[in-house]
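Enquirer: The file below is data18.txt, compact mmCIF, C-alpha atoms:
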# COMPACT_ATOMS: atom_id res chain seq x y z
CA MET A 35 36.57 146.87 223.85
CA THR A 36 39.69 147.81 225.77
CA SER A 37 41.91 150.85 225.43
CA SER A 38 45.05 148.98 224.32
CA ASP A 39 46.88 150.39 221.32
CA CYS A 40 45.79 149.54 217.80
CA SER A 41 48.43 148.03 215.51
CA VAL A 42 49.12 146.75 212.00
CA ASN A 43 51.35 143.92 210.83
CA PRO A 44 54.71 145.43 209.81
CA GLY A 45 55.63 142.30 207.86
CA ALA A 46 52.54 142.62 205.67
CA LEU A 47 53.35 146.28 205.02
CA ALA A 48 56.94 145.42 204.14
CA ALA A 49 55.74 142.77 201.69
CA LEU A 50 53.82 145.45 199.80
CA ARG A 51 57.09 147.19 198.96
CA GLU A 52 58.38 144.01 197.34
CA GLU A 53 55.42 143.67 194.99
CA PRO A 54 56.62 143.78 191.37
CA LEU A 55 55.30 146.45 189.02
CA ASP A 56 53.76 145.44 185.70
CA TRP A 57 50.93 146.23 183.30
CA ARG A 58 48.39 146.13 186.13
CA PHE A 59 49.69 149.41 187.54
CA LYS A 60 48.00 152.32 185.82
CA SER A 61 50.25 155.15 184.61
CA ILE A 62 53.54 153.54 185.70
CA PRO A 63 56.38 153.86 183.13
CA SER A 64 56.94 150.57 181.35
CA ALA A 65 60.65 150.93 182.19
CA LEU A 66 59.71 150.11 185.80
CA TRP A 67 57.98 146.83 184.98
CA GLY A 68 59.63 143.98 186.83
CA LEU A 69 61.01 146.19 189.58
CA SER A 70 59.65 146.09 193.13
CA LEU A 71 57.84 149.10 194.50
CA ALA A 72 60.80 149.76 196.78
CA ASP A 73 63.33 149.65 193.94
CA ALA A 74 61.11 151.81 191.73
CA ALA A 75 60.71 154.42 194.46
CA ALA A 76 64.46 154.51 195.00
CA GLN A 77 64.95 155.74 191.43
CA ARG A 78 63.22 159.04 192.25
CA LEU A 79 61.83 159.43 188.74
CA SER A 80 60.34 162.67 187.45
CA LEU A 81 56.58 162.70 187.17
CA PHE A 82 56.73 164.69 183.95
CA ASP A 83 59.92 163.55 182.22
CA ASP A 84 60.34 159.83 182.88
CA GLY A 85 57.41 158.16 181.17
CA PHE A 86 54.48 158.37 183.57
CA LEU A 87 51.19 158.35 181.70
CA ALA A 88 48.45 160.89 182.33
CA PRO A 89 46.06 160.95 184.04
CA LEU A 90 47.44 160.15 187.44
CA VAL A 91 46.86 161.27 191.02
CA VAL A 92 49.71 162.10 193.36
CA LEU A 93 49.91 162.50 197.13
CA ASP A 94 51.63 165.44 198.82
CA ALA A 95 53.74 163.93 201.61
CA ASP A 96 54.10 167.21 203.52
CA ALA A 97 50.34 167.85 203.42
CA LEU A 98 49.63 164.30 204.61
CA GLU A 99 51.97 164.68 207.57
CA HIS A 100 50.49 168.07 208.42
CA ASN A 101 46.94 166.67 208.38
CA LEU A 102 47.88 163.66 210.49
CA ARG A 103 49.49 165.86 213.14
CA THR A 104 46.70 168.44 213.06
CA MET A 105 43.91 165.91 213.58
CA ALA A 106 45.79 164.02 216.29
CA ALA A 107 46.39 167.24 218.22
CA TRP A 108 42.78 168.35 217.84
CA CYS A 109 41.43 165.02 219.15
CA ALA A 110 43.77 165.10 222.13
CA GLU A 111 42.76 168.67 222.92
CA HIS A 112 39.04 167.87 222.76
CA GLY A 113 39.09 164.58 224.68
CA VAL A 114 38.00 162.21 221.91
CA ARG A 115 39.57 159.15 220.33
CA LEU A 116 39.80 158.62 216.58
CA ALA A 117 38.98 155.54 214.50
CA PRO A 118 39.31 157.07 211.03
CA HIS A 119 37.31 155.61 208.19
CA GLY A 120 39.79 153.74 206.02
CA LYS A 121 37.52 153.79 202.95
CA THR A 122 38.94 157.27 202.27
CA THR A 123 42.16 155.72 200.97
CA MET A 124 42.01 151.90 201.41
CA ALA A 125 45.80 152.20 201.70
CA PRO A 126 47.30 150.03 204.48
CA GLN A 127 50.44 152.18 204.51
CA LEU A 128 48.30 155.20 205.39
CA PHE A 129 46.38 153.18 207.98
CA ALA A 130 49.74 152.59 209.65
CA ARG A 131 50.56 156.29 209.55
CA GLN A 132 47.20 157.15 211.14
CA ILE A 133 47.78 154.59 213.88
CA GLU A 134 51.30 155.95 214.46
CA HIS A 135 49.65 159.33 215.04
CA GLY A 136 47.43 157.92 217.78
CA ALA A 137 44.38 156.46 216.02
CA TRP A 138 42.52 154.25 218.48
CA GLY A 139 41.32 151.97 215.69
CA MET A 140 40.17 151.97 212.07
CA THR A 141 36.62 152.13 210.72
CA ALA A 142 35.33 149.98 207.86
CA ALA A 143 32.05 150.07 205.95
CA ASN A 144 31.61 146.47 204.84
CA ALA A 145 33.03 142.96 205.04
CA GLY A 146 35.15 143.39 201.92
CA GLN A 147 36.98 146.32 203.46
CA LEU A 148 37.29 144.44 206.74
CA ARG A 149 39.06 141.56 204.99
CA VAL A 150 41.62 143.99 203.55
CA TYR A 151 42.20 145.46 207.02
CA ARG A 152 42.75 142.03 208.49
CA ALA A 153 45.12 141.01 205.69
CA PHE A 154 47.36 143.73 207.10
CA GLY A 155 46.74 142.87 210.73
CA VAL A 156 44.68 145.89 211.80
CA SER A 157 43.94 144.91 215.38
CA ARG A 158 40.91 147.08 216.20
CA VAL A 159 38.10 147.70 213.72
CA LEU A 160 34.75 149.42 214.00
CA LEU A 161 32.44 148.33 211.21
CA ALA A 162 30.08 151.30 210.95
CA ASN A 163 27.28 149.27 209.48
CA GLN A 164 25.18 146.19 210.09
CA LEU A 165 26.74 142.80 209.35
CA VAL A 166 24.11 140.15 208.64
CA ASP A 167 25.56 138.09 205.78
CA PRO A 168 26.14 134.54 207.11
CA ALA A 169 29.31 133.97 205.07
CA ALA A 170 30.84 137.23 206.33
CA LEU A 171 29.88 136.42 209.91
CA ARG A 172 31.41 132.95 209.73
CA TRP A 173 34.62 134.47 208.38
CA LEU A 174 34.58 137.08 211.16
CA ALA A 175 34.07 134.39 213.81
CA ALA A 176 37.12 132.52 212.52
CA GLU A 177 39.19 135.73 212.65
CA LEU A 178 38.14 136.41 216.23
CA ASP A 179 38.68 132.83 217.34
CA GLY A 180 42.10 132.75 215.72
CA ASP A 181 43.42 136.01 217.14
CA ASP A 182 42.71 137.03 220.73
CA GLY A 183 44.27 140.42 220.01
CA PHE A 184 41.70 141.28 217.36
CA GLU A 185 38.98 143.64 218.64
CA PHE A 186 35.89 144.19 216.53
CA SER A 187 32.47 145.77 216.80
CA CYS A 188 29.65 146.55 214.39
CA TRP A 189 26.20 148.16 214.41
CA VAL A 190 22.88 146.47 215.05
CA ASP A 191 19.73 148.47 214.28
CA SER A 192 16.91 145.91 214.41
CA VAL A 193 15.81 142.87 216.36
CA ARG A 194 15.92 140.91 213.12
CA SER A 195 19.58 141.74 212.47
CA ALA A 196 20.50 140.65 216.02
CA GLU A 197 18.66 137.39 215.45
CA LEU A 198 20.39 136.77 212.12
CA MET A 199 23.78 137.42 213.69
CA THR A 200 23.05 135.04 216.53
CA GLU A 201 21.98 132.31 214.14
CA ALA A 202 25.08 132.66 211.93
CA LEU A 203 27.47 132.79 214.91
CA GLN A 204 26.32 129.62 216.67
CA GLY A 205 29.21 127.76 218.25
CA THR A 206 31.77 130.58 218.07
CA ARG A 207 34.27 130.85 220.92
CA ARG A 208 34.18 134.64 221.26
CA GLN A 209 31.16 136.90 221.36
CA VAL A 210 30.88 139.65 218.75
CA ASP A 211 30.69 143.16 220.16
CA VAL A 212 27.82 145.25 218.81
CA LEU A 213 26.61 148.80 219.26
CA VAL A 214 22.98 149.85 219.00
CA GLU A 215 22.79 152.23 216.08
CA LEU A 216 20.53 155.23 216.50
CA GLY A 217 19.17 156.79 213.33
CA GLY A 218 17.40 160.05 212.70
CA GLU A 219 14.54 161.39 210.65
CA GLY A 220 15.63 161.58 207.03
CA GLY A 221 18.85 159.77 207.89
CA ARG A 222 20.30 156.50 206.75
CA THR A 223 20.26 153.32 208.85
CA GLY A 224 19.63 153.09 212.58
CA ALA A 225 16.75 152.58 215.01
CA ARG A 226 14.41 155.54 214.77
CA ASP A 227 13.08 155.54 218.34
CA GLU A 228 13.99 154.54 221.87
CA ALA A 229 11.50 151.65 222.02
CA THR A 230 13.16 149.98 219.06
CA ALA A 231 16.60 150.56 220.53
CA LEU A 232 15.55 148.99 223.83
CA ALA A 233 14.09 145.97 222.04
CA ILE A 234 17.39 145.54 220.19
CA ALA A 235 19.32 145.75 223.47
CA GLU A 236 17.09 143.08 225.01
CA THR A 237 17.65 140.77 222.03
CA VAL A 238 21.41 141.27 222.19
CA GLN A 239 21.44 140.68 225.95
CA SER A 240 19.74 137.32 225.46
CA SER A 241 22.09 136.25 222.64
CA PRO A 242 24.95 133.88 223.50
CA ALA A 243 26.88 135.16 220.46
CA LEU A 244 26.63 138.94 220.96
CA ARG A 245 27.75 141.49 223.54
CA LEU A 246 26.43 145.06 223.73
CA THR A 247 29.30 147.51 224.21
CA GLY A 248 27.92 150.89 223.23
CA VAL A 249 25.90 153.14 220.97
CA GLY A 250 26.76 154.48 217.55
CA GLY A 251 25.37 156.61 214.78
CA TYR A 252 26.07 158.87 211.86
CA GLU A 253 25.06 162.50 211.83
CA GLY A 254 26.35 163.29 208.36
CA ALA A 255 23.25 161.97 206.60
CA LEU A 256 21.02 164.43 208.47
CA ALA A 257 22.53 167.68 207.17
CA HIS A 258 24.69 168.79 204.27
CA ASP A 259 25.96 172.30 204.95
CA SER A 260 27.36 174.47 207.72
CA SER A 261 24.27 176.62 208.30
CA PRO A 262 23.02 177.19 211.86
CA HIS A 263 19.90 175.17 211.03
CA SER A 264 21.95 172.15 209.90
CA LYS A 265 24.17 172.37 212.95
CA GLU A 266 21.15 172.42 215.26
CA ILE A 267 19.77 169.30 213.55
CA VAL A 268 23.07 167.55 214.11
CA SER A 269 23.40 168.69 217.72
CA GLY A 270 19.85 167.58 218.47
CA TYR A 271 20.59 164.13 217.08
CA LEU A 272 23.77 163.88 219.14
CA ARG A 273 21.85 164.76 222.29
CA ARG A 274 19.50 161.86 221.50
CA LEU A 275 22.55 159.62 221.13
CA ARG A 276 23.70 160.69 224.59
CA GLU A 277 20.24 160.16 226.11
CA LEU A 278 19.98 156.67 224.62
CA THR A 279 23.38 155.72 226.02
CA ILE A 280 22.38 156.85 229.50
CA THR A 281 19.06 155.02 229.29
CA LEU A 282 20.68 151.75 228.19
CA ALA A 283 23.23 152.02 231.00
CA GLN A 284 20.59 152.80 233.62
CA ARG A 285 18.55 149.78 232.54
CA GLY A 286 21.55 147.47 232.85
CA PHE A 287 22.25 146.84 229.19
CA LEU A 288 25.65 148.59 229.24
CA GLY A 289 28.50 148.30 231.70
CA GLY A 290 32.25 148.63 231.86
CA GLN A 291 33.74 150.88 229.22
CA ILE A 292 31.02 152.17 226.90
CA VAL A 293 31.92 153.15 223.35
CA VAL A 294 29.88 156.05 221.99
CA THR A 295 30.77 156.83 218.41
CA ALA A 296 29.68 159.28 215.73
CA GLY A 297 31.47 161.81 213.58
CA GLY A 298 31.93 161.99 209.86
CA SER A 299 34.27 164.58 208.40
CA ALA A 300 31.81 167.48 208.37
CA TYR A 301 30.56 167.88 211.96
CA PHE A 302 33.13 166.25 214.22
CA ASP A 303 33.43 169.46 216.25
CA LEU A 304 29.76 169.15 217.21
CA VAL A 305 30.27 165.49 218.12
CA ALA A 306 33.10 166.42 220.47
CA ALA A 307 31.05 169.24 222.00
CA GLU A 308 28.08 166.96 222.71
CA LEU A 309 29.75 163.65 223.61
CA ALA A 310 33.24 164.29 224.98
CA GLY A 311 32.18 165.03 228.54
CA GLY A 312 29.42 165.70 231.02
CA TRP A 313 28.42 162.07 231.47
CA PRO A 314 26.77 160.92 234.73
CA ASP A 315 29.11 159.78 237.47
CA GLY A 316 29.95 156.11 237.17
CA LEU A 317 29.69 155.89 233.40
CA ASP A 318 33.00 155.06 231.74
CA VAL A 319 32.36 156.49 228.27
CA LEU A 320 34.88 156.40 225.45
CA PRO A 321 33.85 158.94 222.76
CA VAL A 322 35.16 157.86 219.34
CA LEU A 323 35.16 159.86 216.12
CA ARG A 324 35.22 158.10 212.75
CA SER A 325 36.26 161.06 210.57
CA GLY A 326 38.49 159.88 207.73
CA ALA A 327 38.60 162.52 204.98
CA TYR A 328 41.00 164.70 206.97
CA VAL A 329 44.01 162.65 205.90
CA THR A 330 43.86 163.81 202.29
CA HIS A 331 41.30 166.62 202.71
CA ASP A 332 40.08 168.01 199.35
CA ASP A 333 39.61 171.05 197.15
CA GLY A 334 35.84 171.13 197.35
CA PHE A 335 33.20 169.91 199.78
CA TYR A 336 35.37 169.33 202.84
CA ARG A 337 37.39 172.48 202.27
CA SER A 338 34.14 174.40 202.77
CA ILE A 339 32.42 172.35 205.47
CA SER A 340 35.11 170.68 207.62
CA PRO A 341 35.53 172.28 211.07
CA LEU A 342 39.25 172.38 210.31
CA GLY A 343 38.93 173.24 206.64
CA HIS A 344 41.11 176.28 207.21
CA ARG A 345 43.84 174.19 208.85
CA PHE A 346 43.96 170.97 206.82
CA ARG A 347 45.82 170.95 203.51
CA PRO A 348 44.59 169.19 200.36
CA ALA A 349 46.96 166.29 199.77
CA LEU A 350 45.61 164.99 196.45
CA ARG A 351 46.36 166.43 193.02
CA ALA A 352 45.47 164.97 189.65
CA TRP A 353 47.62 165.62 186.60
CA ALA A 354 46.24 165.35 183.09
CA GLN A 355 47.30 166.65 179.70
CA VAL A 356 45.59 168.92 177.23
CA THR A 357 44.76 166.54 174.39
CA SER A 358 42.62 168.85 172.26
CA LYS A 359 41.79 172.54 171.94
CA PRO A 360 38.93 172.67 169.44
CA ALA A 361 38.02 176.30 170.25
CA ASP A 362 39.61 179.30 171.93
CA GLU A 363 37.33 178.85 174.93
CA LEU A 364 37.55 175.04 175.25
CA ALA A 365 40.22 172.43 175.96
CA LEU A 366 39.84 168.70 176.58
CA LEU A 367 41.94 166.95 179.22
CA THR A 368 42.97 163.29 179.35
CA MET A 369 41.02 162.65 182.56
CA GLY A 370 37.41 161.60 182.99
CA LYS A 371 34.86 160.11 185.34
CA ARG A 372 36.74 156.82 185.39
CA ASP A 373 39.84 158.56 186.71
CA ALA A 374 38.88 161.21 189.26
CA SER A 375 36.33 161.64 192.02
CA PHE A 376 33.65 164.20 191.15
CA ASP A 377 30.60 163.37 193.28
CA GLU A 378 31.23 166.34 195.59
CA GLY A 379 32.36 168.79 192.93
CA LEU A 380 34.24 168.74 189.64
CA PRO A 381 38.07 168.91 189.63
CA GLU A 382 39.55 172.35 190.18
CA PRO A 383 42.25 173.50 187.69
CA GLN A 384 45.13 175.00 189.64
CA LEU A 385 48.44 174.62 187.81
CA PHE A 386 49.89 174.06 184.36
CA ARG A 387 53.31 172.83 183.32
CA ARG A 388 55.28 173.23 180.09
CA ASP A 389 58.98 172.80 179.33
CA GLY A 390 59.82 172.13 182.97
CA VAL A 391 58.14 175.29 184.26
CA THR A 392 54.99 175.25 186.43
CA GLY A 393 52.60 178.21 186.53
CA GLN A 394 49.33 179.14 188.20
CA LEU A 395 45.97 178.86 186.45
CA ALA A 396 43.19 181.36 187.18
CA GLY A 397 39.74 181.60 185.64
CA HIS A 398 39.78 178.06 184.25
CA GLU A 399 36.92 175.71 185.10
CA VAL A 400 36.04 172.07 184.47
CA THR A 401 32.40 172.18 183.37
CA ALA A 402 31.73 168.51 182.60
CA MET A 403 33.34 165.07 182.48
CA ASN A 404 32.89 162.14 180.12
CA ASP A 405 34.32 158.70 180.74
CA GLN A 406 37.85 159.73 179.65
CA HIS A 407 37.72 163.50 179.09
CA SER A 408 37.29 166.67 181.12
CA PHE A 409 35.80 169.73 179.45
CA LEU A 410 37.92 172.70 180.49
CA SER A 411 36.46 176.18 179.98
CA LEU A 412 39.21 178.67 179.10
CA PRO A 413 39.17 182.39 179.90
CA PRO A 414 40.33 184.95 177.32
CA GLY A 415 44.11 184.82 176.99
CA SER A 416 44.47 181.35 178.50
CA PRO A 417 48.08 180.14 178.24
CA LEU A 418 47.11 176.48 177.70
CA ARG A 419 48.22 174.64 174.58
CA VAL A 420 47.82 171.05 173.41
CA GLY A 421 50.38 168.89 175.24
CA ASP A 422 50.48 170.98 178.43
CA TRP A 423 50.08 169.28 181.79
CA VAL A 424 47.30 170.56 184.04
CA GLY A 425 47.26 169.99 187.81
CA LEU A 426 43.80 169.75 189.38
CA GLY A 427 42.51 169.69 192.92
CA LEU A 428 39.91 167.02 193.66
What does this structure look like when you write it as structure tokens?
Expert:
Amino acid sequence: MTSSDCSVNPGALAALREEPLDWRFKSIPSALWGLSLADAAAQRLSLFDDGFLAPLVVLDADALEHNLRTMAAWCAEHGVRLAPHGKTTMAPQLFARQIEHGAWGMTAANAGQLRVYRAFGVSRVLLANQLVDPAALRWLAAELDGDDGFEFSCWVDSVRSAELMTEALQGTRRQVDVLVELGGEGGRTGARDEATALAIAETVQSSPALRLTGVGGYEGALAHDSSPHSKEIVSGYLRRLRELTITLAQRGFLGGQIVVTAGGSAYFDLVAAELAGGWPDGLDVLPVLRSGAYVTHDDGFYRSISPLGHRFRPALRAWAQVTSKPADELALLTMGKRDASFDEGLPEPQLFRRDGVTGQLAGHEVTAMNDQHSFLSLPPGSPLRVGDWVGLGL
């Protein structure tokens, strides 16, 4: 991979704004049906007074901009490049904003996501996973052959996967860039030892369809909190990633610019500390983070564990209505598991709104979620009544 700028297709982004609104768009006022997104946005409707249906999730534009600038400045200060994971939002408009703020590329998790990225002309993609499906590989080969400006790489963590890729890519004009993925004990995918990694490198080197361009991995599956013990596990893994990169280079498997990539949204400070510098003379290493959750941040897991949790701002808020209050200590909201993310913590009640006035909520807690309801525990003297809007952090 080169160091040229990543880009998106502005025409494809502009076409999104001309898409007409209709029944497919959840929560949109029916009065907007038939209008384009651009025309609907120009009306500047009120979230609470103009027919939007709860539940719905809104983005805070100021918080988004703050997070984009904060992460870009941090990466520049610490000597790392950023290929944020787009699965956080799957929003091409936000991909463009991230690229405008200096993102080196975008990260995808699977071929379905990759096809969305390419529909909007994302020109550099890291697929942080193996890609062995023949249909996906044939599609990828056609994308690469049809666009010399498209740069792509993915993981390979076994000899078998390298062989399957080679078989599916027979006859392609351009080689597919791959990175040996290093795993860790108790982790997710990735070669578990140096011998396996070397065997993978040898298989790639002998493949006419593949080109080895670096080493990648994911430290986030090895630890799940910010304790010193967890951080030492992560740092130890990152040192192994460094050692493998040096070994592969010394044995002639890597040359030119070498991409070394790790970094979820929990330990990217440790990745920068271990991989941003101190490489042997002669190695041209490009350290790339893949952290993606920073753009919206959250009111739960990442607020507590992100290295910049004190600096990022949560940019997502869900709004639901109180639909029932069967007891003094219980209210039910019109939002459930089908509406809001909850895998890293239940939604956090923060605000309520009635008669055009917004107030703070304290002592309220979502204790459970059904498909379409949230169970909201009410403290003594709670101001909430049926029909009120409740704003929740996610």
Enquirer: Grab the atom CA of Leu87 of chain A to atom CA of Thr368 of chain A distance for me, in Å with one decimal place.
Expert: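 For atom CA of Leu87 of chain A relative to atom CA of Thr368 of chain A, the distance reads 9.9 Å.
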Enquirer: Counting all atoms listed in the file, which of A:Pro341, A:Pro348, A:Gly251, A:Gly326 gets nearest to Ala296 of chain A?
Expert: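 Residue with the minimum atom-to-atom distance to Ala296 of chain A: A:Gly251.
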Enquirer: Can you work out which one of A:Lys371, A:Asp422, A:Arg149, A:Arg115 has the shortest atom-to-atom distance to Asp389 of chain A, counting all atoms listed in the file?
Expert: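 Under the stated criterion, the closest residue is A:Asp422.
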Enquirer: Write out as a ChimeraX atom specification the residues lying within 12 Å of Val238 of chain A, counting all atoms listed in the file and excluding same-chain residues fewer than 5 positions away.
Expert: /A:189-200,209-214,231-233,243-248,287-288
Enquirer: With distances taken over all atoms listed in the file, which of A:Lys121, A:Arg208, A:Arg103, A:Arg152 is nearest to Asn43 of chain A?
Expert: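 Once distances to Asn43 of chain A are computed over all atoms listed in the file, the minimum belongs to A:Arg152.
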Enquirer: Applying 8 Å and all atoms listed in the file, which residues near Glu253 of chain A remain after dropping the ones on its own chain fewer than 3 positions away? List them as JSON, numbers by chain.
Expert: {"A": [221, 256, 257, 268, 271, 272, 296, 297, 298, 301]}
Enquirer: Check the smallest atom-to-atom distance from each of A:Tyr151, A:Phe376, A:Trp138, A:Phe409 to Thr123 of chain A using all atoms listed in the file, then report the winner.
Expert: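 Under the stated criterion, the closest residue is A:Tyr151.
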Enquirer: Please tell me which residues are no farther than 12 Å from (20.0, 162.5, 221.7) in the file, counting only C-alpha atoms, and write them as JSON, numbers by chain.
Expert: {"A": [216, 217, 218, 226, 227, 228, 249, 250, 251, 253, 266, 267, 268, 269, 270, 271, 272, 273, 274, 275, 276, 277, 278, 279, 280, 281, 294, 296, 305, 308, 309]}
Enquirer: Leu428 of chain A: which residues within 9 Å, counting only C-alpha atoms, same-chain residues fewer than 5 positions away excluded, as a PyMOL selection string?
Expert: chain A and resi 332-334+348+350-352+374-376+378-382
Enquirer: Go ahead and compute the interatomic distance for atom CA of Leu50 of chain A and atom CA of Met124 of chain A, in Å to one decimal.
Expert: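 Atom CA of Met124 of chain A lies at a distance of 13.6 Å from atom CA of Leu50 of chain A.
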Enquirer: Grab all the atoms of segment 225-239 of chain A that the file lists, wrap them in a box along x, y and z, add 6 Å per side, and give me centre plus edge lengths in Å (one decimal) as JSON.
Expert:
{"center_x": 16.5, "center_y": 148.1, "center_z": 220.4, "size_x": 21.9, "size_y": 26.9, "size_z": 23.2}
Enquirer: Quick one: segment 201-215 of chain A from the block, N, CA, C and O atoms, as a PDB file, in the first residue's frame.
Expert:
ATOM      1  N   GLU A 201      -6.516 -19.959  -5.059  1.00  0.00           N
ATOM      2  CA  GLU A 201      -7.351 -20.728  -5.987  1.00  0.00           C
ATOM      3  C   GLU A 201      -8.473 -19.859  -6.569  1.00  0.00           C
ATOM      4  O   GLU A 201      -8.748 -19.893  -7.768  1.00  0.00           O
ATOM      5  N   ALA A 202      -9.125 -19.062  -5.715  1.00  0.00           N
ATOM      6  CA  ALA A 202     -10.254 -18.246  -6.166  1.00  0.00           C
ATOM      7  C   ALA A 202      -9.811 -17.081  -7.035  1.00  0.00           C
ATOM      8  O   ALA A 202     -10.599 -16.565  -7.840  1.00  0.00           O
ATOM      9  N   LEU A 203      -8.563 -16.644  -6.888  1.00  0.00           N
ATOM     10  CA  LEU A 203      -8.085 -15.444  -7.576  1.00  0.00           C
ATOM     11  C   LEU A 203      -7.278 -15.755  -8.833  1.00  0.00           C
ATOM     12  O   LEU A 203      -6.606 -14.874  -9.374  1.00  0.00           O
ATOM     13  N   GLN A 204      -7.344 -16.976  -9.309  1.00  0.00           N
ATOM     14  CA  GLN A 204      -6.583 -17.338 -10.507  1.00  0.00           C
ATOM     15  C   GLN A 204      -6.962 -16.432 -11.677  1.00  0.00           C
ATOM     16  O   GLN A 204      -8.132 -16.191 -11.939  1.00  0.00           O
ATOM     17  N   GLY A 205      -5.948 -15.916 -12.359  1.00  0.00           N
ATOM     18  CA  GLY A 205      -6.173 -15.128 -13.557  1.00  0.00           C
ATOM     19  C   GLY A 205      -6.425 -13.654 -13.319  1.00  0.00           C
ATOM     20  O   GLY A 205      -6.648 -12.909 -14.289  1.00  0.00           O
ATOM     21  N   THR A 206      -6.397 -13.198 -12.049  1.00  0.00           N
ATOM     22  CA  THR A 206      -6.625 -11.778 -11.797  1.00  0.00           C
ATOM     23  C   THR A 206      -5.404 -10.960 -12.214  1.00  0.00           C
ATOM     24  O   THR A 206      -4.267 -11.433 -12.171  1.00  0.00           O
ATOM     25  N   ARG A 207      -5.668  -9.708 -12.617  1.00  0.00           N
ATOM     26  CA  ARG A 207      -4.588  -8.848 -13.093  1.00  0.00           C
ATOM     27  C   ARG A 207      -3.732  -8.327 -11.955  1.00  0.00           C
ATOM     28  O   ARG A 207      -2.521  -8.220 -12.079  1.00  0.00           O
ATOM     29  N   ARG A 208      -4.374  -7.982 -10.828  1.00  0.00           N
ATOM     30  CA  ARG A 208      -3.655  -7.400  -9.696  1.00  0.00           C
ATOM     31  C   ARG A 208      -3.599  -8.389  -8.538  1.00  0.00           C
ATOM     32  O   ARG A 208      -4.571  -9.095  -8.250  1.00  0.00           O
ATOM     33  N   GLN A 209      -2.472  -8.413  -7.860  1.00  0.00           N
ATOM     34  CA  GLN A 209      -2.368  -9.217  -6.657  1.00  0.00           C
ATOM     35  C   GLN A 209      -3.174  -8.580  -5.531  1.00  0.00           C
ATOM     36  O   GLN A 209      -3.365  -7.364  -5.481  1.00  0.00           O
ATOM     37  N   VAL A 210      -3.638  -9.415  -4.606  1.00  0.00           N
ATOM     38  CA  VAL A 210      -4.348  -8.942  -3.422  1.00  0.00           C
ATOM     39  C   VAL A 210      -3.359  -8.843  -2.270  1.00  0.00           C
ATOM     40  O   VAL A 210      -2.652  -9.808  -1.957  1.00  0.00           O
ATOM     41  N   ASP A 211      -3.301  -7.685  -1.652  1.00  0.00           N
ATOM     42  CA  ASP A 211      -2.411  -7.474  -0.507  1.00  0.00           C
ATOM     43  C   ASP A 211      -2.992  -8.160   0.727  1.00  0.00           C
ATOM     44  O   ASP A 211      -4.188  -8.035   1.017  1.00  0.00           O
ATOM     45  N   VAL A 212      -2.137  -8.865   1.451  1.00  0.00           N
ATOM     46  CA  VAL A 212      -2.568  -9.532   2.681  1.00  0.00           C
ATOM     47  C   VAL A 212      -1.582  -9.233   3.795  1.00  0.00           C
ATOM     48  O   VAL A 212      -0.413  -8.932   3.553  1.00  0.00           O
ATOM     49  N   LEU A 213      -2.076  -9.315   5.022  1.00  0.00           N
ATOM     50  CA  LEU A 213      -1.258  -9.160   6.209  1.00  0.00           C
ATOM     51  C   LEU A 213      -1.385 -10.421   7.040  1.00  0.00           C
ATOM     52  O   LEU A 213      -2.494 -10.929   7.237  1.00  0.00           O
ATOM     53  N   VAL A 214      -0.273 -10.943   7.507  1.00  0.00           N
ATOM     54  CA  VAL A 214      -0.328 -12.073   8.437  1.00  0.00           C
ATOM     55  C   VAL A 214      -0.978 -11.591   9.721  1.00  0.00           C
ATOM     56  O   VAL A 214      -0.546 -10.586  10.316  1.00  0.00           O
ATOM     57  N   GLU A 215      -2.026 -12.292  10.140  1.00  0.00           N
ATOM     58  CA  GLU A 215      -2.675 -11.922  11.392  1.00  0.00           C
ATOM     59  C   GLU A 215      -2.109 -12.748  12.535  1.00  0.00           C
ATOM     60  O   GLU A 215      -2.081 -13.976  12.485  1.00  0.00           O
TER      61      GLU A 215
END
